[in-house]
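Visitor: Have a look at this one.
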Amino acid sequence: MLHVKGLTKKFGKQIVNRDISLECKEGEISILLGPNGAGKSTAIKCILGLLRHEGEVTIGGHPSKSGEAKRIFGYVPEYPCLYEMLTMEEQFEFIIRAYKLDREQAMADVDDLVGRFRLTERRKHLCKDLSKGMQQKVSIICALLPHPKLLLLDEPMIGLDPHAIKELKNLILILAKKRGVAIVISTHMIASVEGIWDKAYILSRGRVLSCHTKEEVSGLGVDALEKIFFEETEKPELLAPRTEEEKSGKNKKQAKAEKAASEEKEKKSSHVTPAPPPKKDKKKKEPAPSVPETKKEIVDDPDLAPADEHVQEKHRVAPPPKKKGKKKHS
């Protein structure tokens with residue numbers, strides 16, 4: 001039913017999912033088991049077509065983003081996503097109309113599921129007024145109403161009370177074993193899926209470390225899956241902080257080559273030959289000939305008026321005094 005091959009998801013330079021391949025057949029319960037930050041939720045969103053990714057994902061033989069695929073799968077997110085201003089009954093009504101379900105059959109399913117999860121008294125309440133656990137129950141019912149052929153559950157047990165967990169496990173077994181629904185459960189709580197899984201994929205740092213079937217570990221004891229999980233996820237190389245090369249998905253050979261190229265580039269840039277000094281012209285420029293200052297000539301000729309009246313008054317030559325003649329006696 002579900003086929004995933006080479007799924008890789010990057011956020012910038014960081015690789016969150018690296019070359020993930022898995023499959024889930026009809027009537028099979030597969031679990032994605034890994035610590036926080038292993039990339040489980042991101043892988044689920046990529047499978048659903050909510051995130052762009054590299055690799056091939058098909059659901060029932062159809063591409064995951066196609067309308068044919070979306071009609072046959074159901075999804076329960078880690079955090080409930082409901083219309084807050086709708087009542088519980090209106091939320092169910094929305095799903096019935098959106099999927100064009102048979103109303104009589106759908107309402108019978110609603111009554112059954114609401115009774116199982118003990119929500120009968122809350123059917124008229126707004127979704128925003130429900131507790132987190134009740135919102136999770138409503139989200140599960142909405143995913144089951146269209147009778148999906150593939151059901152993806154992302155951390156479905158978180159927030160549920162013990163009675164709801166028990167009912168959900170029973171529903172999962174009924175859907176898989178009696179109706180042939182393929183079910184994928186993402187979780188980090190091993191105890192929550194103990195006894196109901198058929199195939200387990202162990203993830204760490206965005207990649208699948210191993211895949212185990214229930215038959216393989218049946219002879220290893222009650223806590224066989226838990227022992228395998230800790231053996232594989234607590235290896236020293238997985239607990240050590242990731243290098244930049246591991247975050248970007250580069251292998252050691254590629255990272256070494258890029259580092260050598262970078263060092264060579266820095267070396268060349270640090271040994272740049274300085275630019276030669278500007279050439280001096282051999283021919284020296286001769287200084288421009290200085291123009292001698294011309295002094296104004298003082299003109300003694302009264303007929304030639306100097307340009308400056310002040311100079312004229314200052315440098316005018318006084319006429320010689322007249323000689324006084326002797327008076328003639330009559």
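Residue numbering restarts at 1 for every chain of the structure tokens, chains are lettered A, B, ... in their displayed order, and ligands are numbered from 1 as they appear.
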Can you list, as a list in words, every protein, DNA or RNA residue that comes within 6 Å of Ala69 (chain A) when you count only C-alpha atoms, leaving out same-chain residues fewer than 5 positions away?
Guide: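 The contact residues come out as Ile59, His62 and Ser64 of chain A.
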Visitor: Just give me the gap between CA of Ser204 (chain A) and CA of Leu225 (chain A) in Å, one decimal is fine.
Guide: 15.2 Å
Visitor: Go through region 121-235 of chain A and collect every residue that DSSP, computed from the backbone, puts in alpha helix (DSSP H); the answer should be as a VMD selection string.
Guide: chain A and resid 132 to 144 162 to 177 190 to 193 214 to 217 224 to 233
Visitor: Would you mind exporting C-alpha atoms of the selected residues as a compact mmCIF listing (two decimals), in the first residue's frame?
Guide:
```
# COMPACT_ATOMS: atom_id res chain seq x y z
CA LYS A 132 -5.85 18.45 24.62
CA GLY A 133 -6.68 14.79 25.12
CA MET A 134 -10.28 15.28 23.96
CA GLN A 135 -9.10 17.18 20.89
CA GLN A 136 -6.82 14.25 20.13
CA LYS A 137 -9.78 11.86 20.32
CA VAL A 138 -11.81 14.05 17.94
CA SER A 139 -8.84 14.15 15.55
CA ILE A 140 -8.67 10.32 15.57
CA ILE A 141 -12.41 10.01 14.87
CA CYS A 142 -12.16 12.47 11.95
CA ALA A 143 -9.33 10.39 10.43
CA LEU A 144 -11.32 7.15 10.73
CA PRO A 162 -5.37 5.00 29.79
CA HIS A 163 -8.90 4.09 28.65
CA ALA A 164 -8.47 5.95 25.34
CA ILE A 165 -5.06 4.30 24.75
CA LYS A 166 -6.63 0.88 25.26
CA GLU A 167 -9.50 1.68 22.87
CA LEU A 168 -7.13 3.06 20.24
CA LYS A 169 -4.98 -0.09 20.34
CA ASN A 170 -8.09 -2.24 19.90
CA LEU A 171 -9.20 -0.08 16.96
CA ILE A 172 -5.76 -0.35 15.32
CA LEU A 173 -5.85 -4.15 15.52
CA ILE A 174 -9.42 -4.30 14.15
CA LEU A 175 -8.58 -1.97 11.24
CA ALA A 176 -5.43 -3.88 10.30
CA LYS A 177 -6.45 -7.50 10.85
CA ILE A 190 8.07 1.72 22.90
CA ALA A 191 5.56 0.60 25.52
CA SER A 192 2.68 2.33 23.71
CA VAL A 193 3.02 0.03 20.66
CA LYS A 214 7.86 -9.34 14.93
CA GLU A 215 8.83 -12.90 13.99
CA GLU A 216 12.54 -12.04 14.10
CA VAL A 217 12.47 -10.83 17.71
CA ALA A 224 13.40 -7.60 22.79
CA LEU A 225 12.44 -4.49 20.80
CA GLU A 226 13.49 -2.19 23.63
CA LYS A 227 16.90 -3.90 23.89
CA ILE A 228 17.47 -3.64 20.15
CA PHE A 229 16.42 0.01 20.19
CA PHE A 230 18.95 1.00 22.85
CA GLU A 231 21.73 -1.07 21.32
CA GLU A 232 21.36 0.68 17.98
CA THR A 233 20.52 4.24 19.01
```
Visitor: Would you mind reading off the distance between CA of Asp198 (chain A) and CA of Val181 (chain A), one decimal, in Å?
Guide: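 According to the coordinates, CA of Asp198 (chain A) and CA of Val181 (chain A) are separated by 12.9 Å.
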Visitor: Pick from A:Asp19, A:His147, A:Phe117, A:Ser66: nearest to Gln105 (chain A), with only C-alpha atoms counted?
Guide: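 Closest to Gln105 (chain A) of all the choices is A:His147.
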Visitor: Between A:Cys46, A:Leu119, A:Leu130, A:Leu82, which one has atoms that come closest to Leu152 (chain A), using only C-alpha atoms?
Guide: A:Cys46
Visitor: For Glu26 (chain A), work out the shell of residues within 12 Å, counting only C-alpha atoms and skipping chain neighbours fewer than 5 positions away, then give it as a ChimeraX atom specification.
Guide: /A:1-3,59-60,148-151,175-184,198
Visitor: Under the rule that only C-alpha atoms are counted, which of A:Ile31, A:Leu126, A:Leu145, A:Val57 is the nearest residue to Ala106 (chain A)?
Guide: A:Leu145
Visitor: For a quick check of understanding, using only C-alpha atoms, which of A:Val4, A:Ala108, A:Ile96, A:Leu86 has the smallest distance to Ser21 (chain A)?
Guide: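 Counting only C-alpha atoms, the residue closest to Ser21 (chain A) is A:Val4.
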Visitor: One decimal, in Å: what's the spacing between CA of Pro77 (chain A) and CA of Lys128 (chain A)?
Guide: 16.8 Å
Visitor: Would you mind telling me which residue in A:Thr8, A:Thr187, A:Thr58, A:Ser131 lies nearest to Leu153 (chain A) when using only C-alpha atoms?
Guide: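 Checking each of A:Thr8, A:Thr187, A:Thr58, A:Ser131 against Leu153 (chain A), counting only C-alpha atoms, the winner is A:Thr187.
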Visitor: Of the candidates A:Asp223, A:Tyr79, A:Leu7, A:Glu89, which shows the shortest atom-to-atom distance to Arg52 (chain A), using only C-alpha atoms?
Guide: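 The closest residue to Arg52 (chain A) is A:Leu7.
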Visitor: Go through region 24-242 of chain A and collect every residue that DSSP, computed from the backbone, puts in strand (DSSP E or B); the answer should be as a PDB file with N, CA, C and O atoms, in the first residue's frame.
Guide:
```
ATOM      1  N   CYS A  24       4.816  -0.474   3.680  1.00  0.00           N
ATOM      2  CA  CYS A  24       3.795  -1.007   4.580  1.00  0.00           C
ATOM      3  C   CYS A  24       2.704  -1.636   3.724  1.00  0.00           C
ATOM      4  O   CYS A  24       2.062  -0.941   2.914  1.00  0.00           O
ATOM      5  N   ILE A  29       0.960  -3.442  10.361  1.00  0.00           N
ATOM      6  CA  ILE A  29       1.184  -2.321  11.273  1.00  0.00           C
ATOM      7  C   ILE A  29       2.683  -2.082  11.375  1.00  0.00           C
ATOM      8  O   ILE A  29       3.414  -2.888  11.954  1.00  0.00           O
ATOM      9  N   SER A  30       3.138  -0.984  10.804  1.00  0.00           N
ATOM     10  CA  SER A  30       4.556  -0.626  10.840  1.00  0.00           C
ATOM     11  C   SER A  30       4.748   0.551  11.781  1.00  0.00           C
ATOM     12  O   SER A  30       3.910   1.456  11.845  1.00  0.00           O
ATOM     13  N   ILE A  31       5.857   0.534  12.506  1.00  0.00           N
ATOM     14  CA  ILE A  31       6.142   1.641  13.423  1.00  0.00           C
ATOM     15  C   ILE A  31       7.479   2.276  13.057  1.00  0.00           C
ATOM     16  O   ILE A  31       8.428   1.589  12.663  1.00  0.00           O
ATOM     17  N   LEU A  32       7.514   3.598  13.163  1.00  0.00           N
ATOM     18  CA  LEU A  32       8.759   4.355  13.027  1.00  0.00           C
ATOM     19  C   LEU A  32       9.199   4.706  14.434  1.00  0.00           C
ATOM     20  O   LEU A  32       8.585   5.557  15.091  1.00  0.00           O
ATOM     21  N   LEU A  33      10.234   4.047  14.893  1.00  0.00           N
ATOM     22  CA  LEU A  33      10.677   4.170  16.283  1.00  0.00           C
ATOM     23  C   LEU A  33      12.009   4.905  16.333  1.00  0.00           C
ATOM     24  O   LEU A  33      12.971   4.511  15.668  1.00  0.00           O
ATOM     25  N   GLU A  54      13.013  14.907  -1.828  1.00  0.00           N
ATOM     26  CA  GLU A  54      13.590  14.095  -2.890  1.00  0.00           C
ATOM     27  C   GLU A  54      13.216  12.637  -2.646  1.00  0.00           C
ATOM     28  O   GLU A  54      13.029  12.221  -1.504  1.00  0.00           O
ATOM     29  N   GLY A  55      13.122  11.856  -3.694  1.00  0.00           N
ATOM     30  CA  GLY A  55      12.772  10.453  -3.552  1.00  0.00           C
ATOM     31  C   GLY A  55      11.362  10.176  -4.049  1.00  0.00           C
ATOM     32  O   GLY A  55      10.627  11.077  -4.468  1.00  0.00           O
ATOM     33  N   GLU A  56      10.988   8.913  -3.978  1.00  0.00           N
ATOM     34  CA  GLU A  56       9.705   8.454  -4.522  1.00  0.00           C
ATOM     35  C   GLU A  56       8.796   7.958  -3.399  1.00  0.00           C
ATOM     36  O   GLU A  56       9.214   7.169  -2.555  1.00  0.00           O
ATOM     37  N   VAL A  57       7.551   8.443  -3.394  1.00  0.00           N
ATOM     38  CA  VAL A  57       6.545   8.010  -2.420  1.00  0.00           C
ATOM     39  C   VAL A  57       5.249   7.718  -3.168  1.00  0.00           C
ATOM     40  O   VAL A  57       4.714   8.592  -3.859  1.00  0.00           O
ATOM     41  N   THR A  58       4.754   6.512  -3.030  1.00  0.00           N
ATOM     42  CA  THR A  58       3.477   6.141  -3.655  1.00  0.00           C
ATOM     43  C   THR A  58       2.549   5.532  -2.609  1.00  0.00           C
ATOM     44  O   THR A  58       2.998   4.825  -1.707  1.00  0.00           O
ATOM     45  N   ILE A  59       1.255   5.817  -2.756  1.00  0.00           N
ATOM     46  CA  ILE A  59       0.219   5.284  -1.868  1.00  0.00           C
ATOM     47  C   ILE A  59      -0.828   4.599  -2.746  1.00  0.00           C
ATOM     48  O   ILE A  59      -1.479   5.259  -3.567  1.00  0.00           O
ATOM     49  N   HIS A  62      -0.320   5.256  -6.398  1.00  0.00           N
ATOM     50  CA  HIS A  62      -0.463   6.632  -6.878  1.00  0.00           C
ATOM     51  C   HIS A  62       0.564   7.529  -6.184  1.00  0.00           C
ATOM     52  O   HIS A  62       0.895   7.306  -5.009  1.00  0.00           O
ATOM     53  N   PRO A  63       1.056   8.569  -6.867  1.00  0.00           N
ATOM     54  CA  PRO A  63       1.939   9.540  -6.199  1.00  0.00           C
ATOM     55  C   PRO A  63       1.250  10.144  -4.988  1.00  0.00           C
ATOM     56  O   PRO A  63       0.033  10.394  -5.010  1.00  0.00           O
ATOM     57  N   PHE A  73      -6.087   7.816   2.208  1.00  0.00           N
ATOM     58  CA  PHE A  73      -5.316   7.766   3.458  1.00  0.00           C
ATOM     59  C   PHE A  73      -5.912   8.719   4.492  1.00  0.00           C
ATOM     60  O   PHE A  73      -6.574   9.709   4.177  1.00  0.00           O
ATOM     61  N   GLY A  74      -5.679   8.363   5.769  1.00  0.00           N
ATOM     62  CA  GLY A  74      -6.088   9.202   6.889  1.00  0.00           C
ATOM     63  C   GLY A  74      -4.855   9.581   7.696  1.00  0.00           C
ATOM     64  O   GLY A  74      -3.868   8.843   7.725  1.00  0.00           O
ATOM     65  N   TYR A  75      -4.934  10.730   8.366  1.00  0.00           N
ATOM     66  CA  TYR A  75      -3.764  11.248   9.068  1.00  0.00           C
ATOM     67  C   TYR A  75      -4.174  11.829  10.418  1.00  0.00           C
ATOM     68  O   TYR A  75      -5.116  12.627  10.498  1.00  0.00           O
ATOM     69  N   VAL A  76      -3.458  11.410  11.462  1.00  0.00           N
ATOM     70  CA  VAL A  76      -3.642  11.975  12.800  1.00  0.00           C
ATOM     71  C   VAL A  76      -2.344  12.666  13.189  1.00  0.00           C
ATOM     72  O   VAL A  76      -1.336  11.999  13.453  1.00  0.00           O
ATOM     73  N   THR A  87     -18.369  23.153  16.810  1.00  0.00           N
ATOM     74  CA  THR A  87     -18.600  22.168  17.853  1.00  0.00           C
ATOM     75  C   THR A  87     -18.091  20.808  17.373  1.00  0.00           C
ATOM     76  O   THR A  87     -17.744  20.640  16.201  1.00  0.00           O
ATOM     77  N   LEU A 126     -17.696  23.514  21.846  1.00  0.00           N
ATOM     78  CA  LEU A 126     -16.759  24.011  20.846  1.00  0.00           C
ATOM     79  C   LEU A 126     -15.424  23.285  20.994  1.00  0.00           C
ATOM     80  O   LEU A 126     -15.011  22.946  22.110  1.00  0.00           O
ATOM     81  N   LEU A 150      -5.002   3.546   4.127  1.00  0.00           N
ATOM     82  CA  LEU A 150      -3.719   3.773   4.788  1.00  0.00           C
ATOM     83  C   LEU A 150      -3.944   4.792   5.888  1.00  0.00           C
ATOM     84  O   LEU A 150      -4.521   5.852   5.660  1.00  0.00           O
ATOM     85  N   LEU A 151      -3.493   4.470   7.103  1.00  0.00           N
ATOM     86  CA  LEU A 151      -3.663   5.357   8.250  1.00  0.00           C
ATOM     87  C   LEU A 151      -2.290   5.687   8.826  1.00  0.00           C
ATOM     88  O   LEU A 151      -1.526   4.780   9.173  1.00  0.00           O
ATOM     89  N   LEU A 152      -1.984   6.984   8.902  1.00  0.00           N
ATOM     90  CA  LEU A 152      -0.709   7.435   9.462  1.00  0.00           C
ATOM     91  C   LEU A 152      -0.974   8.149  10.779  1.00  0.00           C
ATOM     92  O   LEU A 152      -1.724   9.128  10.825  1.00  0.00           O
ATOM     93  N   LEU A 153      -0.342   7.660  11.842  1.00  0.00           N
ATOM     94  CA  LEU A 153      -0.538   8.199  13.186  1.00  0.00           C
ATOM     95  C   LEU A 153       0.800   8.720  13.704  1.00  0.00           C
ATOM     96  O   LEU A 153       1.756   7.954  13.852  1.00  0.00           O
ATOM     97  N   ASP A 154       0.862  10.023  13.988  1.00  0.00           N
ATOM     98  CA  ASP A 154       2.095  10.638  14.488  1.00  0.00           C
ATOM     99  C   ASP A 154       1.954  10.869  15.992  1.00  0.00           C
ATOM    100  O   ASP A 154       1.218  11.756  16.423  1.00  0.00           O
ATOM    101  N   ALA A 182      -3.565  -0.589   6.033  1.00  0.00           N
ATOM    102  CA  ALA A 182      -2.133  -0.436   6.315  1.00  0.00           C
ATOM    103  C   ALA A 182      -1.962   0.716   7.296  1.00  0.00           C
ATOM    104  O   ALA A 182      -2.481   1.814   7.065  1.00  0.00           O
ATOM    105  N   ILE A 183      -1.244   0.480   8.372  1.00  0.00           N
ATOM    106  CA  ILE A 183      -1.123   1.482   9.438  1.00  0.00           C
ATOM    107  C   ILE A 183       0.355   1.757   9.718  1.00  0.00           C
ATOM    108  O   ILE A 183       1.149   0.823   9.892  1.00  0.00           O
ATOM    109  N   VAL A 184       0.710   3.039   9.770  1.00  0.00           N
ATOM    110  CA  VAL A 184       2.067   3.474  10.118  1.00  0.00           C
ATOM    111  C   VAL A 184       1.972   4.350  11.353  1.00  0.00           C
ATOM    112  O   VAL A 184       1.232   5.346  11.362  1.00  0.00           O
ATOM    113  N   ILE A 185       2.719   3.983  12.403  1.00  0.00           N
ATOM    114  CA  ILE A 185       2.696   4.716  13.665  1.00  0.00           C
ATOM    115  C   ILE A 185       4.088   5.265  13.947  1.00  0.00           C
ATOM    116  O   ILE A 185       5.065   4.507  13.984  1.00  0.00           O
ATOM    117  N   SER A 186       4.175   6.564  14.132  1.00  0.00           N
ATOM    118  CA  SER A 186       5.435   7.202  14.512  1.00  0.00           C
ATOM    119  C   SER A 186       5.421   7.456  16.005  1.00  0.00           C
ATOM    120  O   SER A 186       4.489   8.096  16.521  1.00  0.00           O
ATOM    121  N   THR A 187       6.435   6.981  16.717  1.00  0.00           N
ATOM    122  CA  THR A 187       6.467   7.161  18.171  1.00  0.00           C
ATOM    123  C   THR A 187       7.878   6.989  18.719  1.00  0.00           C
ATOM    124  O   THR A 187       8.749   6.418  18.060  1.00  0.00           O
ATOM    125  N   LYS A 199       6.069  -4.668  11.999  1.00  0.00           N
ATOM    126  CA  LYS A 199       7.381  -4.313  11.455  1.00  0.00           C
ATOM    127  C   LYS A 199       7.835  -3.023  12.123  1.00  0.00           C
ATOM    128  O   LYS A 199       7.040  -2.079  12.268  1.00  0.00           O
ATOM    129  N   ALA A 200       9.107  -2.998  12.530  1.00  0.00           N
ATOM    130  CA  ALA A 200       9.641  -1.827  13.226  1.00  0.00           C
ATOM    131  C   ALA A 200      10.841  -1.274  12.474  1.00  0.00           C
ATOM    132  O   ALA A 200      11.803  -2.005  12.206  1.00  0.00           O
ATOM    133  N   TYR A 201      10.776   0.011  12.156  1.00  0.00           N
ATOM    134  CA  TYR A 201      11.911   0.726  11.559  1.00  0.00           C
ATOM    135  C   TYR A 201      12.519   1.606  12.639  1.00  0.00           C
ATOM    136  O   TYR A 201      11.824   2.452  13.217  1.00  0.00           O
ATOM    137  N   ILE A 202      13.794   1.416  12.930  1.00  0.00           N
ATOM    138  CA  ILE A 202      14.472   2.205  13.951  1.00  0.00           C
ATOM    139  C   ILE A 202      15.238   3.327  13.262  1.00  0.00           C
ATOM    140  O   ILE A 202      16.093   3.085  12.404  1.00  0.00           O
ATOM    141  N   LEU A 203      14.915   4.567  13.660  1.00  0.00           N
ATOM    142  CA  LEU A 203      15.519   5.749  13.048  1.00  0.00           C
ATOM    143  C   LEU A 203      16.401   6.487  14.042  1.00  0.00           C
ATOM    144  O   LEU A 203      16.143   6.487  15.255  1.00  0.00           O
ATOM    145  N   SER A 204      17.431   7.116  13.515  1.00  0.00           N
ATOM    146  CA  SER A 204      18.280   7.998  14.309  1.00  0.00           C
ATOM    147  C   SER A 204      19.005   8.938  13.361  1.00  0.00           C
ATOM    148  O   SER A 204      19.480   8.526  12.307  1.00  0.00           O
ATOM    149  N   ARG A 207      18.004   8.899   9.509  1.00  0.00           N
ATOM    150  CA  ARG A 207      18.146   7.743   8.618  1.00  0.00           C
ATOM    151  C   ARG A 207      17.689   6.470   9.320  1.00  0.00           C
ATOM    152  O   ARG A 207      17.650   6.390  10.549  1.00  0.00           O
ATOM    153  N   VAL A 208      17.333   5.482   8.520  1.00  0.00           N
ATOM    154  CA  VAL A 208      16.888   4.195   9.051  1.00  0.00           C
ATOM    155  C   VAL A 208      18.108   3.352   9.408  1.00  0.00           C
ATOM    156  O   VAL A 208      18.932   3.038   8.547  1.00  0.00           O
ATOM    157  N   LEU A 209      18.210   2.990  10.691  1.00  0.00           N
ATOM    158  CA  LEU A 209      19.338   2.163  11.128  1.00  0.00           C
ATOM    159  C   LEU A 209      19.094   0.689  10.822  1.00  0.00           C
ATOM    160  O   LEU A 209      20.012  -0.031  10.419  1.00  0.00           O
ATOM    161  N   SER A 210      17.844   0.235  11.031  1.00  0.00           N
ATOM    162  CA  SER A 210      17.545  -1.183  10.807  1.00  0.00           C
ATOM    163  C   SER A 210      16.038  -1.379  10.720  1.00  0.00           C
ATOM    164  O   SER A 210      15.253  -0.491  11.077  1.00  0.00           O
ATOM    165  N   CYS A 211      15.650  -2.540  10.257  1.00  0.00           N
ATOM    166  CA  CYS A 211      14.241  -2.920  10.166  1.00  0.00           C
ATOM    167  C   CYS A 211      14.093  -4.321  10.749  1.00  0.00           C
ATOM    168  O   CYS A 211      14.881  -5.229  10.429  1.00  0.00           O
ATOM    169  N   HIS A 212      13.100  -4.492  11.606  1.00  0.00           N
ATOM    170  CA  HIS A 212      12.891  -5.777  12.275  1.00  0.00           C
ATOM    171  C   HIS A 212      11.421  -6.164  12.186  1.00  0.00           C
ATOM    172  O   HIS A 212      10.538  -5.313  12.311  1.00  0.00           O
ATOM    173  N   THR A 213      11.171  -7.445  11.998  1.00  0.00           N
ATOM    174  CA  THR A 213       9.802  -7.960  12.010  1.00  0.00           C
ATOM    175  C   THR A 213       9.519  -8.612  13.365  1.00  0.00           C
ATOM    176  O   THR A 213      10.449  -8.956  14.111  1.00  0.00           O
TER     177      THR A 213
END
```
